[in-house]
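Structure record follows, encoded as structure tokens.
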Amino acid sequence: MINLEVPGRLRRLVEQAHTVATAVLRPISRKYDLAEHSYPKELDMLAAALDGVRASGRGAVQATGAGKMHQNGTARSGEAAVRNGSHLATLLGMIELSWGDVGLLLTLPRQGLGNSAIAAVATPEQVERFAGKWAAMAITEPDCGSDSAAIRTTASPDGDHYLLNGEKIFVTAGSRADAIVVWATLDRTEGRGAIKSFVVERGTPGLTVSRREDKLGIRASDTATIVLRDCRVPKENLLGSPLIETDRGFAGVMQTFDNTRPLVAGMAVGVARAALDRTAELLAEAGVVVDHDRPVHTQPAAAAALLAMTADWEAAYLLALRAAWMADNGRPNSMQASMAKAKAGRMATEVTLRCVELCGSVGYAEHELLEKWARDAKILDIFEGTQQIQQLIVARRLLGKTSAELR
Ligand SMILES: Cc1cc2nc3c(=O)[nH]c(=O)nc-3n(C[C@H](O)[C@H](O)[C@H](O)COP(=O)(O)OP(=O)(O)OC[C@H]3O[C@@H](n4cnc5c(N)ncnc54)[C@H](O)[C@@H]3O)c2cc1C
């Protein structure tokens with residue numbers, strides 16, 4: 001039987017994350033939306049508190065850093081057949097923190113998307129060496145967005161180092177994180193299999209931040225352009241295997257997305273729930289109360305709209321849970337991760353905007369956060385692979401087509 005309740009062991013984590021979202025993130029939400037490019041210094045204390053909780057081993061709230069997928073796929077004898085592990089825990093924590101403020105979550109120290117990349121492909125030695133570092137992730141380039149196989153940044157062997165050369169754009173936390181996980185090719189003629197990820201620590205000569213973007217939403221989060229000029233990175237900072245395995249194609253680095261896409265879906269689920277919760281409150285104040293026991297067609301139009309959006313939200317939530325649960329249980333989840341991200345990204349974009357509409361001028365004005373959530377939600381349908389790219393991936397998997405056959 002499938003039990004759709006949050007497992008008891010994780011319920012405390014959800015409560016903790018919700019408390020943090022309410023007490024720490026919400027009160028500074030508007031401040032850093034208006035003060036784009038200012039570093040939210042309040043987060044340093046929060047990050048330190050999260051480190052402390054993690055170190056004490058008391059479970060806990062964390063944004064990213066779900067571990068490597070359990071490779072085996074089958075439960076070993078003596079182990080429980082089903083596990084609810086770090087992927088599910090991270091996702092649930094992230095939903096709550098995004099309910100608080102997704103822009104602030106994206107700039108929470110030591111919780112970058114690069115941390116998930118490290119968790120997905122690093123060796124145990126590397127996981128240990130980079131523990132405690134805040135890592136951003138740099139894939140996108142001026143000539144390479146959705147088609148990540150088109151990466152031009154190069155990594156050339158030079159003694160015990162690689163020399164990295166290229167430009168990375170739209171790097172979330174790129175000017176703030178301690179390190180940047182840079183995707184680069186060892187040999188452009190070898191195609192996707194030659195693309196590897198490298199941890200470039202802040203302060204490495206040859207790494208510069210050349211600009212920071214002004215954005216529609218998630219303004220608390222910095223988005224930087226990074227230039228790499230003969231940037232010398234130790235060989236042991238190449239994540240995973242240095243071998244070019246043309247038959248495995250993108251497999252190594254792409255595993256990052258299997259980890260991060262369910263998390264971005266979780267962010268979308270969190271932002272959308274924030275909008276739904278506040279809209280329900282505002283409608284109730286105006287005398288429109290949703291009745292879950294009566295047919296939709298007997299209720300006011302606004303209540304019916306809320307019910308329809310809640311159903312859409314639930315579908316996205318369950319898809320995100322499934323993708324994370326599969327990762328915890330060693331089941332390949334690329335298609336489910338893309339399904340979750342496609343559904344949640346579109347749902348959050350539509351739901352947050354519809355909530356603005358339902359609340360009229362109240363929803364549009366800055367007294368409320370509804371207009372901000374509508375702006376924040378849009379990126380969740382763009383980064384880590386756009387809506388269209390997720391649909392393409394799902395179609396390829398369902399139809400058994402390669403990326404060359406269906407593009
Ligand atoms: C605020 C922000 C933060 C970001 N953070 C990061 C980060 O931390 N790290 C990072 O590496 N990148 C980051 N990005 C970049 C983001 O991942 C890319 O913008 C995204 O992958 C899309 O690439 P693109 O912008 O080049 O659009 P394009 O790839 O040029 O796509 C443009 C449009 O065409 C559509 N399209 C493209 N190919 C197809 C196809 N085959 N079929 C159908 N439609 C298609 C796309 O869906 C899109 O609608 C960030 C972007 C933003 C705006």
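Following the order of the structure tokens, first chain is A, next is B, and so on, with residues numbered from 1 inside each chain and ligands from 1 in the order they appear.
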message: As a quick test: using only C-alpha atoms and all ligand atoms, which residues lie no more than 9 Å away from ligand 1? Give them as a PyMOL selection string.
response: chain A and resi 112-114+136-148+168-174+182-183+213-219+221-224+379-380+382-392+406-407
- request: Determine, counting only C-alpha atoms, which protein, DNA and RNA residues have an atom within 10 Å of an atom of segment 306-319 of chain A; residues of the same chain fewer than 6 positions away are not included. Present the result as a PyMOL selection string.
  value: chain A and resi 4+92+95+262+265-266+268-270+272-273+276-277+279-280+283+289-292+296+299+325+336-348+350-352+354-355+358
Each residue of segment 130-211 of chain A with at least one atom at most 8 Å from segment 230-247 of chain A should appear once, together with its nearest atom pair and the corresponding distance in Å (one decimal); atoms considered: only C-alpha atoms; ordering: chain, then increasing residue number; output as a tab-separated table.
```
residue	atom	partner	partner_atom	distance
A:Asp160	CA	A:Lys235	CA	5.6
A:His161	CA	A:Pro234	CA	4.3
A:Tyr162	CA	A:Val233	CA	5.2
A:Leu163	CA	A:Arg232	CA	4.7
A:Leu164	CA	A:Cys231	CA	4.9
A:Asn165	CA	A:Asp230	CA	5.5
A:Glu190	CA	A:Thr246	CA	7.0
A:Gly191	CA	A:Thr246	CA	7.4
A:Arg192	CA	A:Thr246	CA	7.2
A:Gly193	CA	A:Thr246	CA	4.6
A:Ala194	CA	A:Ile244	CA	5.1
A:Lys196	CA	A:Leu238	CA	7.0
A:Ser197	CA	A:Leu239	CA	5.6
A:Phe198	CA	A:Leu238	CA	4.4
A:Val199	CA	A:Asn237	CA	5.3
A:Val200	CA	A:Val233	CA	6.4
A:Thr204	CA	A:Cys231	CA	6.9
A:Pro205	CA	A:Cys231	CA	5.9
A:Gly206	CA	A:Cys231	CA	4.2
A:Leu207	CA	A:Cys231	CA	6.0
```
Okay, now the selection with all heavy atoms, as a compact mmCIF listing (two decimals), in the first residue's frame?
```txt
# COMPACT_ATOMS: atom_id res chain seq x y z
N ASP A 160 50.21 18.55 -12.76
CA ASP A 160 49.27 18.05 -11.75
C ASP A 160 47.98 18.86 -11.74
O ASP A 160 47.19 18.78 -10.78
CB ASP A 160 49.90 18.15 -10.35
CG ASP A 160 51.04 17.15 -10.20
OD1 ASP A 160 51.05 16.17 -10.98
OD2 ASP A 160 51.91 17.38 -9.34
N HIS A 161 47.81 19.69 -12.74
CA HIS A 161 46.64 20.58 -12.76
C HIS A 161 45.89 20.47 -14.09
O HIS A 161 46.39 19.88 -15.06
CB HIS A 161 47.09 22.04 -12.58
CG HIS A 161 47.59 22.32 -11.19
ND1 HIS A 161 48.84 21.94 -10.77
CD2 HIS A 161 46.98 22.96 -10.13
CE1 HIS A 161 49.00 22.31 -9.50
NE2 HIS A 161 47.89 22.93 -9.09
N TYR A 162 44.70 21.06 -14.11
CA TYR A 162 44.01 21.35 -15.37
C TYR A 162 43.99 22.86 -15.51
O TYR A 162 43.84 23.58 -14.51
CB TYR A 162 42.57 20.85 -15.34
CG TYR A 162 42.42 19.35 -15.41
CD1 TYR A 162 42.13 18.61 -14.26
CD2 TYR A 162 42.56 18.66 -16.62
CE1 TYR A 162 42.00 17.23 -14.31
CE2 TYR A 162 42.41 17.28 -16.67
CZ TYR A 162 42.15 16.57 -15.52
OH TYR A 162 42.01 15.21 -15.57
N LEU A 163 44.12 23.34 -16.75
CA LEU A 163 43.95 24.77 -17.02
C LEU A 163 42.56 24.97 -17.58
O LEU A 163 42.22 24.41 -18.64
CB LEU A 163 44.98 25.24 -18.05
CG LEU A 163 46.43 25.44 -17.57
CD1 LEU A 163 47.26 26.03 -18.70
CD2 LEU A 163 46.47 26.36 -16.34
N LEU A 164 41.72 25.73 -16.87
CA LEU A 164 40.35 25.97 -17.33
C LEU A 164 40.26 27.31 -18.05
O LEU A 164 40.78 28.33 -17.55
CB LEU A 164 39.39 25.95 -16.14
CG LEU A 164 38.71 24.61 -15.83
CD1 LEU A 164 39.72 23.50 -15.62
CD2 LEU A 164 37.79 24.71 -14.62
N ASN A 165 39.61 27.29 -19.22
CA ASN A 165 39.43 28.52 -19.99
C ASN A 165 38.01 28.58 -20.53
O ASN A 165 37.53 27.62 -21.14
CB ASN A 165 40.42 28.57 -21.17
CG ASN A 165 41.80 29.04 -20.73
OD1 ASN A 165 41.99 30.21 -20.40
ND2 ASN A 165 42.75 28.11 -20.67
N GLU A 190 35.63 14.71 -28.56
CA GLU A 190 35.13 13.45 -27.99
C GLU A 190 33.66 13.54 -27.56
O GLU A 190 33.11 12.58 -27.01
CB GLU A 190 35.98 13.03 -26.77
CG GLU A 190 37.40 12.62 -27.12
CD GLU A 190 37.47 11.20 -27.70
OE1 GLU A 190 36.41 10.56 -27.86
OE2 GLU A 190 38.59 10.78 -28.01
N GLY A 191 33.03 14.69 -27.78
CA GLY A 191 31.60 14.83 -27.48
C GLY A 191 31.28 14.85 -26.00
O GLY A 191 32.10 15.18 -25.15
N ARG A 192 30.05 14.40 -25.70
CA ARG A 192 29.51 14.53 -24.33
C ARG A 192 30.34 13.82 -23.27
O ARG A 192 30.42 14.27 -22.13
CB ARG A 192 28.11 13.93 -24.28
CG ARG A 192 27.13 14.68 -25.09
CD ARG A 192 25.96 13.79 -25.48
NE ARG A 192 25.07 14.56 -26.32
CZ ARG A 192 23.86 14.95 -25.96
NH1 ARG A 192 23.38 14.60 -24.80
NH2 ARG A 192 23.12 15.67 -26.75
N GLY A 193 30.89 12.67 -23.63
CA GLY A 193 31.64 11.86 -22.65
C GLY A 193 32.84 12.59 -22.08
O GLY A 193 33.36 12.22 -21.02
N ALA A 194 33.30 13.64 -22.79
CA ALA A 194 34.50 14.36 -22.34
C ALA A 194 34.14 15.50 -21.39
O ALA A 194 35.03 16.19 -20.89
CB ALA A 194 35.26 14.89 -23.55
N LYS A 196 33.26 17.06 -18.03
CA LYS A 196 33.47 16.70 -16.62
C LYS A 196 33.19 17.92 -15.75
O LYS A 196 33.17 19.05 -16.25
CB LYS A 196 34.92 16.26 -16.38
CG LYS A 196 35.36 15.09 -17.25
CD LYS A 196 34.76 13.78 -16.74
CE LYS A 196 35.05 12.62 -17.68
NZ LYS A 196 34.41 11.36 -17.26
N SER A 197 33.03 17.69 -14.45
CA SER A 197 32.86 18.84 -13.56
C SER A 197 34.08 18.99 -12.65
O SER A 197 34.66 18.00 -12.20
CB SER A 197 31.57 18.73 -12.76
OG SER A 197 31.35 17.42 -12.29
N PHE A 198 34.45 20.25 -12.41
CA PHE A 198 35.66 20.59 -11.66
C PHE A 198 35.29 21.55 -10.54
O PHE A 198 34.55 22.51 -10.77
CB PHE A 198 36.67 21.31 -12.58
CG PHE A 198 37.08 20.49 -13.78
CD1 PHE A 198 36.25 20.41 -14.91
CD2 PHE A 198 38.27 19.78 -13.79
CE1 PHE A 198 36.61 19.64 -16.00
CE2 PHE A 198 38.64 19.01 -14.89
CZ PHE A 198 37.81 18.94 -16.00
N VAL A 199 35.84 21.30 -9.36
CA VAL A 199 35.59 22.23 -8.25
C VAL A 199 36.67 23.31 -8.29
O VAL A 199 37.86 23.03 -8.16
CB VAL A 199 35.61 21.51 -6.89
CG1 VAL A 199 35.40 22.51 -5.76
CG2 VAL A 199 34.55 20.42 -6.86
N VAL A 200 36.24 24.55 -8.54
CA VAL A 200 37.17 25.68 -8.58
C VAL A 200 36.94 26.52 -7.33
O VAL A 200 35.85 27.08 -7.14
CB VAL A 200 36.95 26.55 -9.84
CG1 VAL A 200 38.01 27.65 -9.92
CG2 VAL A 200 36.97 25.69 -11.10
N THR A 204 41.12 31.13 -6.55
CA THR A 204 42.03 30.48 -7.49
C THR A 204 42.39 31.51 -8.57
O THR A 204 41.49 32.11 -9.19
CB THR A 204 41.35 29.26 -8.17
OG1 THR A 204 40.83 28.42 -7.16
CG2 THR A 204 42.34 28.49 -9.04
N PRO A 205 43.71 31.76 -8.80
CA PRO A 205 44.07 32.74 -9.83
C PRO A 205 43.46 32.34 -11.18
O PRO A 205 43.45 31.17 -11.53
CB PRO A 205 45.60 32.66 -9.86
CG PRO A 205 45.99 32.10 -8.54
CD PRO A 205 44.87 31.17 -8.13
N GLY A 206 42.96 33.35 -11.91
CA GLY A 206 42.35 33.06 -13.21
C GLY A 206 40.83 33.00 -13.15
O GLY A 206 40.17 32.93 -14.18
N LEU A 207 40.26 32.99 -11.92
CA LEU A 207 38.79 32.98 -11.76
C LEU A 207 38.34 34.38 -11.38
O LEU A 207 38.77 34.91 -10.35
CB LEU A 207 38.39 32.00 -10.65
CG LEU A 207 36.93 32.06 -10.21
CD1 LEU A 207 36.04 31.27 -11.16
CD2 LEU A 207 36.75 31.51 -8.80
```
query: Quick one: DSSP strand (DSSP E) residues in segment 178-304 of chain A, as a PyMOL selection string?
result: chain A and resi 179-185+195-201+207-212+223-234
field: Filtered DSSP result for segment 144-385 of chain A, state helix (DSSP H, G or I), as a VMD selection string
entry: chain A and resid 148 to 150 188 to 194 235 to 237 246 to 248 251 to 285 296 to 298 301 to 328 334 to 364 370 to 381
task: Calculate how many Å separate atom CA of Arg26 of chain A from atom CA of Ser38 of chain A, rounding to one decimal.
output: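 According to the coordinates, atom CA of Arg26 of chain A and atom CA of Ser38 of chain A are separated by 16.7 Å.
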field: Shell of 10 Å around Thr123 of chain A, only C-alpha atoms, local chain residues under 2 positions omitted, as number ranges by chain
entry: A: 68, 118-121, 125-129, 238-241
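The gap separating atom CA of Leu369 of chain A from atom CA of Arg30 of chain A is 7.4 Å, in Å to one decimal.
You will find atom CA of Ala365 of chain A at 21.1 Å from atom CA of Thr22 of chain A.
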statement: If you count only C-alpha atoms, the residue of A:Asp376, A:Glu15, A:Glu201, A:Asp381 closest to Ser175 of chain A turns out to be A:Glu201
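Minimum distance to Glu366 of chain A across A:Lys378, A:Lys31, A:Arg110, A:His37 (counting only C-alpha atoms) occurs at A:Lys31.
The nearest approach to Asp158 of chain A among the residues A:Ala135, A:Ile180, A:Leu186, A:Val82, with only C-alpha atoms taken into account, belongs to A:Leu186.
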message: Which residue is closest to Gly132 of chain A? Choose from A:Thr402, A:Ser116, A:Ser98, A:Gln111 and count only C-alpha atoms.
response: A:Gln111
query: Of the candidates A:Ile393, A:Leu105, A:Ile2, A:Ala305, which shows the shortest atom-to-atom distance to Cys359 of chain A, using only C-alpha atoms?
result: A:Ala305
query: With only C-alpha atoms as the basis for distance, which of A:Leu108, A:Ser156, A:Ala23, A:Thr260 is at the shortest distance from Ile195 of chain A?
result: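 For Ile195 of chain A, the nearest of the candidates is A:Ser156.
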